[in-house]
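Data from run.csv: CSV, C-alpha atoms
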```csv
chain,number,residue,atom,x,y,z
A,1,MET,CA,-47.5,20.6,-91.0
A,2,GLY,CA,-46.1,17.2,-90.2
A,3,PHE,CA,-48.0,14.3,-91.7
A,4,LEU,CA,-50.3,16.7,-93.6
A,5,ALA,CA,-47.7,17.7,-96.3
A,6,GLY,CA,-44.4,16.6,-97.9
A,7,ARG,CA,-42.5,13.4,-97.4
A,8,MET,CA,-43.0,11.4,-94.2
A,9,THR,CA,-40.8,9.3,-92.0
A,10,PHE,CA,-42.4,7.3,-89.2
A,11,GLU,CA,-42.8,4.2,-87.1
A,12,ARG,CA,-46.2,2.8,-86.3
A,13,PHE,CA,-47.5,1.6,-82.9
A,14,ARG,CA,-50.6,-0.4,-82.2
A,15,ILE,CA,-52.6,1.2,-79.4
A,16,GLU,CA,-54.3,-1.3,-77.1
A,17,ALA,CA,-57.8,-0.1,-76.7
A,18,THR,CA,-61.4,-1.3,-76.7
A,19,GLY,CA,-62.5,0.7,-79.8
A,20,PRO,CA,-62.2,3.9,-81.8
A,21,ARG,CA,-61.2,7.1,-79.9
A,22,ASN,CA,-63.4,10.2,-80.4
A,23,PHE,CA,-61.2,13.2,-79.6
A,24,GLY,CA,-62.6,16.1,-77.7
A,25,PRO,CA,-61.9,19.1,-75.4
A,26,ASP,CA,-60.5,16.8,-72.7
A,27,ASP,CA,-57.8,15.6,-75.0
A,28,MET,CA,-56.8,19.2,-75.8
A,29,GLN,CA,-56.5,19.8,-72.0
A,30,ILE,CA,-54.2,16.8,-71.7
A,31,LEU,CA,-52.0,18.1,-74.5
A,32,GLU,CA,-51.7,21.4,-72.7
A,33,GLN,CA,-50.9,19.7,-69.4
A,34,TYR,CA,-48.1,17.7,-71.0
A,35,ALA,CA,-46.9,20.5,-73.4
A,36,ILE,CA,-43.2,21.2,-73.6
A,37,GLY,CA,-42.3,23.1,-70.4
A,38,GLN,CA,-45.3,21.8,-68.6
A,39,ALA,CA,-44.6,18.0,-68.7
A,40,PRO,CA,-43.1,16.4,-65.6
A,41,ALA,CA,-39.4,17.2,-65.3
A,42,PRO,CA,-37.1,14.4,-66.6
A,43,SER,CA,-34.3,12.9,-64.5
A,44,GLU,CA,-31.1,14.9,-64.4
A,45,GLY,CA,-29.3,14.9,-67.8
A,46,ALA,CA,-32.2,13.3,-69.7
A,47,PRO,CA,-33.9,15.0,-72.6
A,48,GLU,CA,-37.0,17.1,-71.9
A,49,SER,CA,-40.0,16.3,-74.0
A,50,GLY,CA,-43.5,17.6,-74.4
A,51,PHE,CA,-46.3,18.3,-76.9
A,52,LEU,CA,-46.5,21.1,-79.4
A,53,ALA,CA,-49.6,22.1,-81.4
A,54,GLY,CA,-47.5,21.4,-84.5
A,55,GLU,CA,-47.0,24.5,-86.5
A,56,HIS,CA,-43.6,25.6,-85.2
A,57,LEU,CA,-41.2,25.0,-82.3
A,58,PHE,CA,-43.1,27.3,-79.9
A,59,ASP,CA,-46.7,26.6,-81.0
A,60,LEU,CA,-48.7,25.8,-77.9
A,61,ASP,CA,-52.1,26.8,-79.3
A,62,PHE,CA,-54.0,23.5,-79.1
A,63,ASP,CA,-57.4,23.6,-80.7
A,64,LEU,CA,-59.9,20.9,-81.8
A,65,GLU,CA,-60.3,22.5,-85.2
A,66,LYS,CA,-56.6,22.5,-85.8
A,67,ASN,CA,-55.4,19.4,-84.1
A,68,VAL,CA,-58.3,16.9,-84.8
A,69,ILE,CA,-58.7,16.1,-88.4
A,70,ASN,CA,-60.6,13.1,-89.9
A,71,GLU,CA,-60.8,11.2,-86.6
A,72,ALA,CA,-57.1,11.7,-86.0
A,73,LEU,CA,-55.2,13.8,-83.5
A,74,HIS,CA,-52.3,15.6,-85.2
A,75,ALA,CA,-49.7,17.4,-83.1
A,76,ALA,CA,-46.0,17.4,-82.5
A,77,LEU,CA,-43.4,16.3,-80.0
A,78,ARG,CA,-40.6,18.6,-79.0
A,79,ILE,CA,-37.4,17.2,-77.5
A,80,ASP,CA,-35.0,19.5,-75.8
A,81,THR,CA,-31.5,18.4,-74.9
A,82,HIS,CA,-29.0,20.2,-72.8
A,83,LYS,CA,-25.4,19.3,-73.3
A,84,ILE,CA,-22.1,21.1,-73.0
A,85,PRO,CA,-19.8,20.3,-76.0
A,86,ALA,CA,-16.9,18.0,-74.9
A,87,ALA,CA,-14.3,20.4,-76.5
A,88,LEU,CA,-15.7,23.3,-74.5
A,89,ARG,CA,-15.7,21.4,-71.2
A,90,LYS,CA,-12.1,20.3,-71.9
A,91,ALA,CA,-11.1,23.9,-72.6
A,92,TRP,CA,-12.6,25.2,-69.4
A,93,LEU,CA,-10.7,22.5,-67.5
A,94,GLN,CA,-7.4,23.4,-69.1
A,95,ILE,CA,-7.9,27.1,-68.2
A,96,GLU,CA,-8.6,26.1,-64.5
A,97,LEU,CA,-5.6,23.8,-64.4
A,98,ALA,CA,-3.3,26.5,-65.9
A,99,ALA,CA,-4.4,29.1,-63.4
A,100,ALA,CA,-3.8,26.7,-60.5
A,101,ALA,CA,-0.4,25.5,-61.7
A,102,ALA,CA,0.9,29.1,-62.3
A,103,GLU,CA,1.4,29.5,-58.6
A,104,ASN,CA,3.3,26.2,-58.1
A,105,PRO,CA,7.1,26.0,-58.2
A,106,SER,CA,6.8,22.8,-60.3
A,107,GLY,CA,4.5,24.4,-62.8
A,108,ARG,CA,2.1,21.5,-62.5
A,109,PRO,CA,-1.2,21.3,-60.6
A,110,THR,CA,-1.4,19.2,-57.5
A,111,LYS,CA,-3.9,16.3,-57.1
A,112,ALA,CA,-6.0,18.5,-54.9
A,113,GLN,CA,-5.9,21.4,-57.4
A,114,ARG,CA,-7.0,18.9,-60.2
A,115,GLU,CA,-10.0,17.9,-58.1
A,116,GLN,CA,-10.9,21.6,-57.4
A,117,ALA,CA,-10.6,22.4,-61.1
A,118,LYS,CA,-12.9,19.6,-62.0
A,119,ASP,CA,-15.4,20.8,-59.4
A,120,ALA,CA,-15.2,24.3,-60.8
A,121,VAL,CA,-15.8,23.1,-64.3
A,122,GLU,CA,-18.9,21.1,-63.2
A,123,ALA,CA,-20.3,24.1,-61.4
A,124,ARG,CA,-19.8,26.3,-64.5
A,125,CYS,CA,-21.4,23.6,-66.7
A,126,GLU,CA,-24.5,23.6,-64.4
A,127,GLU,CA,-24.8,27.4,-64.6
A,128,GLU,CA,-24.4,27.4,-68.4
A,129,LEU,CA,-27.0,24.7,-68.8
A,130,LYS,CA,-29.5,26.6,-66.6
A,131,SER,CA,-29.1,29.7,-68.8
A,132,GLY,CA,-30.4,27.7,-71.8
A,133,LYS,CA,-27.4,28.6,-73.9
A,134,PHE,CA,-26.8,25.0,-74.9
A,135,ARG,CA,-30.4,23.9,-75.4
A,136,ARG,CA,-31.0,22.0,-78.6
A,137,MET,CA,-34.7,21.9,-79.7
A,138,GLN,CA,-36.1,19.4,-82.2
A,139,GLN,CA,-39.7,18.9,-83.4
A,140,PHE,CA,-41.2,15.7,-84.7
A,141,PRO,CA,-44.8,15.2,-85.9
A,142,VAL,CA,-47.1,12.7,-84.3
A,143,LEU,CA,-50.4,11.5,-85.4
A,144,TRP,CA,-52.8,9.4,-83.4
A,145,ASP,CA,-55.3,7.6,-85.7
A,146,GLY,CA,-58.3,7.3,-83.3
A,147,ARG,CA,-60.3,5.3,-85.9
A,148,ASP,CA,-57.7,2.5,-86.5
A,149,GLY,CA,-55.9,2.7,-83.1
A,150,ILE,CA,-52.4,3.5,-84.5
A,151,LEU,CA,-49.9,6.0,-83.4
A,152,TYR,CA,-47.5,7.4,-86.0
A,153,SER,CA,-44.2,8.7,-84.6
A,154,GLY,CA,-42.5,11.0,-87.0
A,155,GLY,CA,-39.0,9.5,-86.9
A,156,THR,CA,-37.2,6.2,-86.7
A,157,SER,CA,-34.6,6.5,-84.0
A,158,PRO,CA,-35.0,4.3,-80.9
A,159,ALA,CA,-34.6,7.3,-78.6
A,160,LEU,CA,-37.4,9.2,-80.3
A,161,SER,CA,-39.7,6.2,-80.2
A,162,GLU,CA,-39.1,5.7,-76.5
A,163,LEU,CA,-39.7,9.3,-75.7
A,164,CYS,CA,-42.8,9.5,-77.9
A,165,THR,CA,-44.5,6.3,-76.7
A,166,GLY,CA,-43.5,7.1,-73.1
A,167,LEU,CA,-45.1,10.6,-73.2
A,168,PHE,CA,-48.3,9.3,-74.9
A,169,SER,CA,-48.6,6.5,-72.4
A,170,GLN,CA,-48.1,8.8,-69.4
A,171,ALA,CA,-50.4,11.5,-70.7
A,172,PHE,CA,-53.3,9.4,-72.1
A,173,ASP,CA,-52.8,6.3,-70.0
A,174,LEU,CA,-52.1,4.1,-73.1
A,175,SER,CA,-50.4,0.8,-73.8
A,176,MET,CA,-48.9,0.3,-77.2
A,177,SER,CA,-46.6,-2.0,-79.2
A,178,ARG,CA,-44.4,-1.3,-82.2
A,179,LEU,CA,-45.9,-2.6,-85.4
A,180,THR,CA,-42.9,-4.8,-86.4
A,181,PRO,CA,-42.9,-7.8,-88.6
A,182,THR,CA,-43.4,-9.9,-85.4
A,183,LEU,CA,-46.5,-8.1,-84.3
A,184,LEU,CA,-48.0,-8.0,-87.8
A,185,ALA,CA,-47.4,-11.7,-88.2
A,186,GLU,CA,-48.9,-12.4,-84.8
A,187,GLU,CA,-52.0,-10.4,-85.6
A,188,TRP,CA,-52.3,-12.2,-88.9
A,189,ALA,CA,-51.8,-15.6,-87.3
A,190,SER,CA,-54.3,-14.9,-84.6
A,191,ASP,CA,-57.0,-13.9,-87.2
A,192,SER,CA,-56.2,-16.9,-89.5
A,193,ARG,CA,-55.8,-19.4,-86.6
A,194,ARG,CA,-52.2,-20.2,-87.3
A,195,LYS,CA,-50.6,-19.1,-84.0
A,196,LYS,CA,-49.0,-22.5,-83.4
A,197,ALA,CA,-47.5,-22.5,-86.9
A,198,LEU,CA,-46.0,-19.1,-86.4
A,199,ALA,CA,-44.6,-20.1,-83.0
A,200,ASP,CA,-42.8,-23.0,-84.6
A,201,LEU,CA,-41.3,-20.8,-87.4
A,202,GLU,CA,-37.5,-20.6,-87.9
A,203,PRO,CA,-35.5,-18.6,-90.4
A,204,SER,CA,-35.2,-20.1,-93.9
A,205,SER,CA,-31.9,-21.0,-95.6
A,206,PHE,CA,-32.1,-19.5,-99.1
A,207,LEU,CA,-28.8,-21.1,-100.3
A,208,ALA,CA,-29.2,-24.8,-100.9
A,209,GLN,CA,-25.5,-25.3,-100.3
A,210,ASP,CA,-25.5,-23.5,-97.0
A,211,PRO,CA,-28.1,-24.9,-94.5
A,212,ARG,CA,-27.2,-22.4,-91.7
A,213,THR,CA,-30.1,-20.2,-90.5
A,214,ASP,CA,-28.4,-18.1,-87.9
A,215,ILE,CA,-28.8,-14.3,-88.3
A,216,ALA,CA,-26.2,-12.1,-86.8
A,217,TRP,CA,-28.5,-9.1,-86.1
A,218,MET,CA,-31.2,-11.2,-84.4
A,219,ASN,CA,-31.1,-12.3,-80.7
A,220,PRO,CA,-31.9,-16.0,-80.8
A,221,GLN,CA,-33.2,-15.8,-77.3
A,222,SER,CA,-35.7,-13.0,-78.0
A,223,GLY,CA,-38.4,-15.3,-79.5
A,224,ASN,CA,-39.4,-12.7,-82.0
A,225,ALA,CA,-40.0,-13.3,-85.8
A,226,ASP,CA,-38.6,-10.0,-87.1
A,227,PHE,CA,-36.4,-12.0,-89.5
A,228,LEU,CA,-39.6,-12.3,-91.5
A,229,GLY,CA,-39.0,-8.7,-92.6
A,230,ASN,CA,-35.7,-9.7,-94.3
A,231,GLU,CA,-37.3,-12.8,-95.9
A,232,PHE,CA,-40.3,-10.7,-97.0
A,233,LEU,CA,-38.1,-8.4,-99.0
A,234,LEU,CA,-36.2,-11.3,-100.6
A,235,TRP,CA,-39.4,-13.1,-101.4
A,236,LEU,CA,-40.8,-9.9,-102.9
A,237,TRP,CA,-37.7,-9.5,-105.1
A,238,TRP,CA,-38.1,-13.0,-106.4
A,239,THR,CA,-41.8,-12.7,-107.0
A,240,LEU,CA,-41.5,-9.4,-108.9
A,241,GLU,CA,-38.6,-10.8,-111.0
A,242,THR,CA,-39.9,-14.3,-111.8
A,243,GLN,CA,-43.7,-14.4,-111.1
A,244,THR,CA,-45.6,-11.1,-111.4
A,245,ASP,CA,-45.4,-7.4,-110.6
A,246,THR,CA,-49.0,-7.3,-109.4
A,247,ILE,CA,-49.8,-9.2,-106.2
A,248,PRO,CA,-53.4,-10.0,-105.1
A,249,LEU,CA,-54.2,-9.0,-101.5
A,250,ALA,CA,-56.6,-10.5,-98.9
A,251,ASP,CA,-59.2,-7.7,-99.3
A,252,GLY,CA,-59.7,-8.5,-103.0
A,253,SER,CA,-57.5,-5.6,-104.2
A,254,GLU,CA,-54.1,-5.8,-105.9
A,255,VAL,CA,-50.8,-4.0,-105.4
A,256,ALA,CA,-48.2,-3.3,-108.1
A,257,ALA,CA,-44.7,-3.1,-106.7
A,258,MET,CA,-41.1,-2.4,-107.7
A,259,PHE,CA,-37.8,-1.8,-106.0
A,260,THR,CA,-36.4,1.7,-106.5
A,261,GLY,CA,-33.7,4.0,-105.2
A,262,THR,CA,-31.8,2.2,-102.6
A,263,LEU,CA,-31.0,-1.3,-101.3
A,264,SER,CA,-29.0,-2.4,-98.3
A,265,LEU,CA,-27.9,-6.0,-97.8
A,266,GLU,CA,-25.9,-7.8,-95.2
A,267,CYS,CA,-24.5,-11.2,-94.6
A,268,PRO,CA,-26.7,-12.9,-91.9
A,269,HIS,CA,-23.7,-14.8,-90.6
A,270,GLY,CA,-21.5,-11.7,-90.2
A,271,GLU,CA,-18.9,-13.0,-92.6
A,272,SER,CA,-19.0,-10.9,-95.8
A,273,GLY,CA,-20.1,-7.5,-94.4
A,274,LYS,CA,-22.7,-5.0,-95.7
A,275,GLU,CA,-23.5,-3.5,-99.0
A,276,THR,CA,-25.6,-0.4,-99.9
A,277,ILE,CA,-26.6,0.2,-103.6
A,278,SER,CA,-28.2,3.3,-105.0
A,279,ALA,CA,-29.8,3.2,-108.4
A,280,GLU,CA,-33.1,3.7,-110.2
A,281,SER,CA,-33.6,0.0,-110.0
A,282,PRO,CA,-31.0,-1.4,-107.6
A,283,VAL,CA,-32.1,-5.0,-107.8
A,284,ARG,CA,-31.2,-5.2,-111.5
A,285,LEU,CA,-27.5,-4.3,-110.9
A,286,PRO,CA,-24.9,-7.1,-111.0
A,287,GLU,CA,-23.6,-6.2,-107.5
A,288,ALA,CA,-27.1,-6.6,-106.0
A,289,ARG,CA,-27.5,-10.0,-107.6
A,290,GLN,CA,-24.1,-11.1,-106.5
A,291,ALA,CA,-24.9,-10.0,-103.0
A,292,ILE,CA,-28.0,-12.3,-102.7
A,293,ARG,CA,-26.1,-15.1,-104.5
A,294,SER,CA,-23.5,-15.0,-101.7
A,295,GLY,CA,-26.2,-15.3,-99.1
A,296,LYS,CA,-26.8,-11.6,-98.1
A,297,LEU,CA,-30.3,-10.6,-97.0
A,298,PRO,CA,-32.0,-7.3,-97.6
A,299,ARG,CA,-32.1,-5.1,-94.5
A,300,LYS,CA,-33.5,-1.9,-96.1
A,301,ALA,CA,-35.1,-1.3,-99.5
A,302,GLY,CA,-36.7,1.5,-101.5
A,303,LEU,CA,-40.1,0.5,-102.8
A,304,THR,CA,-42.8,1.9,-105.0
A,305,LEU,CA,-46.3,0.5,-104.4
A,306,VAL,CA,-49.5,1.4,-106.3
A,307,ARG,CA,-52.9,0.4,-105.0
A,308,HIS,CA,-56.4,1.8,-105.5
A,309,GLY,CA,-54.9,4.4,-107.8
A,310,GLU,CA,-52.6,5.8,-105.2
A,311,GLN,CA,-48.8,5.6,-105.4
A,312,TYR,CA,-46.4,5.3,-102.5
A,313,GLU,CA,-42.6,5.8,-102.8
A,314,PHE,CA,-40.6,5.0,-99.6
A,315,VAL,CA,-37.8,3.2,-97.9
A,316,LEU,CA,-38.7,0.2,-95.7
A,317,GLN,CA,-36.4,-1.0,-92.9
A,318,ALA,CA,-36.8,-4.8,-92.8
A,319,GLU,CA,-36.7,-5.7,-89.1
A,320,THR,CA,-38.8,-2.8,-87.8
A,321,PHE,CA,-40.9,-1.8,-90.8
A,322,ALA,CA,-39.9,1.8,-90.1
A,323,VAL,CA,-40.7,4.0,-93.1
A,324,SER,CA,-38.4,6.8,-94.4
A,325,GLY,CA,-38.9,9.5,-97.0
A,326,ALA,CA,-42.4,8.4,-97.9
A,327,LYS,CA,-44.0,10.3,-100.8
A,328,VAL,CA,-47.7,9.8,-101.2
A,329,ILE,CA,-49.3,10.6,-104.6
A,330,PRO,CA,-53.1,10.4,-104.2
A,331,ALA,CA,-55.5,9.5,-106.9
A,332,ASP,CA,-57.1,13.0,-106.6
A,333,GLU,CA,-54.6,15.8,-106.2
A,334,GLN,CA,-57.1,18.6,-106.6
A,335,ALA,CA,-58.3,18.9,-103.0
A,336,ARG,CA,-57.3,22.0,-101.0
A,337,GLY,CA,-57.5,23.3,-97.4
A,338,ARG,CA,-59.0,21.0,-94.8
A,339,ALA,CA,-60.3,18.6,-97.5
A,340,ALA,CA,-56.7,18.1,-98.6
A,341,ALA,CA,-55.7,17.4,-94.9
A,342,GLU,CA,-58.5,14.9,-94.5
A,343,GLU,CA,-57.5,13.1,-97.8
A,344,ARG,CA,-53.9,13.1,-96.7
A,345,ILE,CA,-54.8,11.2,-93.5
A,346,ASP,CA,-57.0,8.8,-95.5
A,347,SER,CA,-53.9,8.2,-97.8
A,348,LEU,CA,-51.7,7.6,-94.8
A,349,ARG,CA,-54.2,5.0,-93.5
A,350,GLN,CA,-54.3,3.3,-96.9
A,351,PHE,CA,-50.5,3.4,-97.2
A,352,GLY,CA,-50.1,1.6,-93.9
A,353,GLU,CA,-52.9,-0.8,-94.8
A,354,THR,CA,-51.1,-1.6,-98.1
A,355,ILE,CA,-47.8,-2.4,-96.4
A,356,THR,CA,-49.7,-4.6,-93.9
A,357,LEU,CA,-51.7,-6.5,-96.6
A,358,LEU,CA,-48.6,-7.0,-98.7
A,359,PHE,CA,-46.7,-8.5,-95.8
A,360,GLU,CA,-49.8,-10.6,-94.9
A,361,ALA,CA,-49.7,-12.0,-98.5
A,362,PHE,CA,-46.2,-13.1,-97.8
A,363,CYS,CA,-47.2,-14.6,-94.4
A,364,GLU,CA,-50.0,-16.6,-96.1
A,365,ARG,CA,-47.3,-18.3,-98.2
A,366,ARG,CA,-44.5,-18.4,-95.5
A,367,ILE,CA,-46.6,-20.1,-92.8
A,368,ASP,CA,-48.0,-22.7,-95.1
A,369,GLN,CA,-47.0,-26.1,-96.7
A,370,ARG,CA,-46.6,-24.2,-99.9
A,371,TRP,CA,-43.5,-22.5,-98.6
A,372,GLU,CA,-41.2,-25.5,-99.1
A,373,GLY,CA,-42.0,-25.4,-102.8
A,374,GLU,CA,-41.5,-21.6,-103.1
A,375,LEU,CA,-38.3,-21.8,-101.1
A,376,GLU,CA,-36.9,-24.4,-103.5
A,377,GLN,CA,-37.9,-22.2,-106.4
A,378,ILE,CA,-36.0,-19.3,-104.8
A,379,GLN,CA,-33.0,-21.5,-104.2
A,380,ARG,CA,-33.0,-22.6,-107.8
A,381,TRP,CA,-33.4,-18.9,-108.9
A,382,LEU,CA,-30.3,-18.0,-106.9
A,383,GLN,CA,-28.4,-21.0,-108.3
A,384,MET,CA,-29.4,-20.1,-111.9
A,385,GLU,CA,-28.1,-16.6,-111.3
A,386,THR,CA,-24.8,-18.0,-110.1
A,387,LYS,CA,-24.4,-20.2,-113.1
A,388,ALA,CA,-25.4,-17.4,-115.5
A,389,THR,CA,-22.7,-15.0,-114.3
A,390,LYS,CA,-19.8,-17.5,-114.0
A,391,LYS,CA,-17.1,-16.6,-116.5
A,392,PRO,CA,-16.1,-19.4,-118.9
A,393,ALA,CA,-12.7,-20.9,-118.3
A,394,ALA,CA,-9.9,-19.4,-120.4
```
Write out the structure in this file as structure tokens.
Amino acid sequence: MGFLAGRMTFERFRIEATGPRNFGPDDMQILEQYAIGQAPAPSEGAPESGFLAGEHLFDLDFDLEKNVINEALHAALRIDTHKIPAALRKAWLQIELAAAAAENPSGRPTKAQREQAKDAVEARCEEELKSGKFRRMQQFPVLWDGRDGILYSGGTSPALSELCTGLFSQAFDLSMSRLTPTLLAEEWASDSRRKKALADLEPSSFLAQDPRTDIAWMNPQSGNADFLGNEFLLWLWWTLETQTDTIPLADGSEVAAMFTGTLSLECPHGESGKETISAESPVRLPEARQAIRSGKLPRKAGLTLVRHGEQYEFVLQAETFAVSGAKVIPADEQARGRAAAEERIDSLRQFGETITLLFEAFCERRIDQRWEGELEQIQRWLQMETKATKKPAA
């Protein structure tokens, strides 16, 4: 069920609260009040959303024993959309127009008849939608970690995130923010008293011969630092290839890392396009190396991390830190039943913590005087790669 088994896809949101949340019967009543079909009706044409108890599309049996596990509320969000296919709407209109034109000497419908046909189609569409014939139902898992104050939304689309956070905010009177590189960097800077240094940060130029720092997919007026996600992946690539494959973290632990599966890169200036590479170790392929030598930055990467004996395989989106297809291999795979569910939630917490600590290890270097030296090393690394692959003159 959702986050309790199988691979996971999610975005994380920080819930603004004063402390841990202890879930109880009142929370079950709120879930019932905002369950699918019970939640306030959306505006006309908008998707209908509401909570599910999580086991299937029609599960409305909310229960503390089932939905509260290891200080976390585990449920689901159902989204219903009602839409007539465009081809069907067009066919109905043609039928109406043909019937109207049949009685005209010209064989063509008049302007008034066209308007009447359109009105007739709209009326038919409304009736068909009311019947539920064109209802599309989707279920997404959600997990609210009451201990750490994080909401996991089981998908990565902006529309899902908006509906999920909107429903939780309305139902439980919450405020929350997406855990992007910007927010993670701000939290780290606040804790380490480097807020001013973060505020002054600008994108780096990784090519010594190209000082431009503009990034096509970033809004320069937004004031966010999500470009740190792209720089983090490139820094991690350089670190694993030239320094070490085991990185010390701020809590005294270590994480072993490697790039696996997939890698997407894009020119930050919008000049040389995008490239997606799939391989067991994509960063070792010539086309991947050529991409970063030409100035492309990673936008999405498959990673494998190992920390505290647990292994995490997943794909990370650089600017949002959205996670796709995550496989968690716990240190102890013998647990069963509720114990397995509790361990799974602990593993999810540790997984999220590992991503955060690894990114903070990058921030520690990026927002520091040491960065100039590391940036020069990365630039030389890229230049060395360029020279190493140049073909000798004939």
Closest pair table for stretch 312-386 of chain A residues within 12 Å of stretch 57-69 of chain A, all atoms listed in the file, as a tab-separated table:
```
residue	atom	partner	partner_atom	distance
A:Gly337	CA	A:Ile69	CA	11.6
A:Arg338	CA	A:Ile69	CA	8.1
A:Ala339	CA	A:Ile69	CA	9.6
A:Ala340	CA	A:Ile69	CA	10.6
A:Ala341	CA	A:Ile69	CA	7.3
A:Glu342	CA	A:Ile69	CA	6.2
A:Glu343	CA	A:Ile69	CA	9.9
A:Arg344	CA	A:Ile69	CA	10.0
A:Ile345	CA	A:Ile69	CA	8.1
A:Asp346	CA	A:Ile69	CA	10.3
```
Discussion item. Just the number, please: distance in Å from atom CA of A:Ser157 to atom CA of A:Ala46, one decimal.
Written reply: 16.0 Å
Discussion item. I need the residue nearest A:Ala72 from this list: A:Ala279, A:Leu316, A:Leu201, A:Leu4. Use only C-alpha atoms for the distance.
Written reply: A:Leu4
Worksheet entry | d(atom CA of A:Glu128, atom CA of A:Gly50) in Å |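 Here the two named atoms are 22.3 Å from each other.
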Worksheet entry | Residue nearest A:Lys296 among A:Leu207, A:Leu265, A:Ala171, A:Leu240 (counting all atoms listed in the file) |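 With all atoms listed in the file as the atom set, the closest residue is A:Leu265.
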Item to complete: Point out the residue among A:Gln170, A:Gln377, A:Thr156, A:Ser175 with the least atom-to-atom distance to A:Thr18, counting all atoms listed in the file.
Response: A:Ser175
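Counting all atoms listed in the file and comparing A:Val121, A:Ser278, A:Gly252, A:Met258, the residue that lies closest to A:Leu357 is A:Gly252.
The coordinates place atom CA of A:Gly229 at 19.1 Å from atom CA of A:Gly155.
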Discussion item. With distances taken over all atoms listed in the file, which residue among A:Asp226, A:Asp245, A:Glu275, A:Glu122 lies nearest A:Lys90?
Written reply: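 Among the listed residues, the smallest separation from A:Lys90 belongs to A:Glu122.
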Practice prompt. Quick one: everything within 12 Å of stretch 158-161 of chain A, counting all atoms listed in the file, minus sequence neighbours fewer than 2 positions away in the same chain. Send it as a PyMOL selection string.
Written response: chain A and resi 10-13+46-50+77-80+138-142+151-156+163-169+176-179+320+322
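Across A:Leu263, A:Ile84, A:Ala318, A:Leu184, the tightest approach to A:Arg135 is made by A:Ile84 when counting only C-alpha atoms.
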Would you mind completing stretch 119-133 of chain A to N, CA and C atoms and writing the output as a compact mmCIF listing (two decimals), in the frame of the given file?
```
# COMPACT_ATOMS: atom_id res chain seq x y z
N ASP A 119 -14.24 20.31 -60.09
CA ASP A 119 -15.40 20.80 -59.40
C ASP A 119 -15.87 22.15 -59.98
N ALA A 120 -14.88 23.01 -60.24
CA ALA A 120 -15.20 24.30 -60.80
C ALA A 120 -15.80 24.23 -62.17
N VAL A 121 -15.30 23.32 -62.98
CA VAL A 121 -15.80 23.10 -64.30
C VAL A 121 -17.27 22.60 -64.25
N GLU A 122 -17.52 21.64 -63.37
CA GLU A 122 -18.90 21.10 -63.20
C GLU A 122 -19.85 22.18 -62.79
N ALA A 123 -19.42 23.04 -61.87
CA ALA A 123 -20.30 24.10 -61.40
C ALA A 123 -20.57 25.10 -62.57
N ARG A 124 -19.55 25.38 -63.36
CA ARG A 124 -19.80 26.30 -64.50
C ARG A 124 -20.71 25.65 -65.52
N CYS A 125 -20.55 24.34 -65.75
CA CYS A 125 -21.40 23.60 -66.70
C CYS A 125 -22.90 23.73 -66.23
N GLU A 126 -23.13 23.55 -64.94
CA GLU A 126 -24.50 23.60 -64.40
C GLU A 126 -25.08 25.01 -64.64
N GLU A 127 -24.29 26.04 -64.41
CA GLU A 127 -24.80 27.40 -64.60
C GLU A 127 -25.07 27.67 -66.09
N GLU A 128 -24.19 27.21 -66.96
CA GLU A 128 -24.40 27.40 -68.40
C GLU A 128 -25.64 26.70 -68.90
N LEU A 129 -25.85 25.48 -68.38
CA LEU A 129 -27.00 24.70 -68.80
C LEU A 129 -28.32 25.40 -68.33
N LYS A 130 -28.31 25.95 -67.13
CA LYS A 130 -29.50 26.60 -66.60
C LYS A 130 -29.84 27.85 -67.45
N SER A 131 -28.84 28.46 -68.03
CA SER A 131 -29.10 29.70 -68.80
C SER A 131 -29.79 29.35 -70.15
N GLY A 132 -29.78 28.08 -70.54
CA GLY A 132 -30.40 27.70 -71.80
C GLY A 132 -29.56 27.91 -73.01
N LYS A 133 -28.31 28.31 -72.79
CA LYS A 133 -27.40 28.60 -73.90
C LYS A 133 -27.12 27.40 -74.77
```
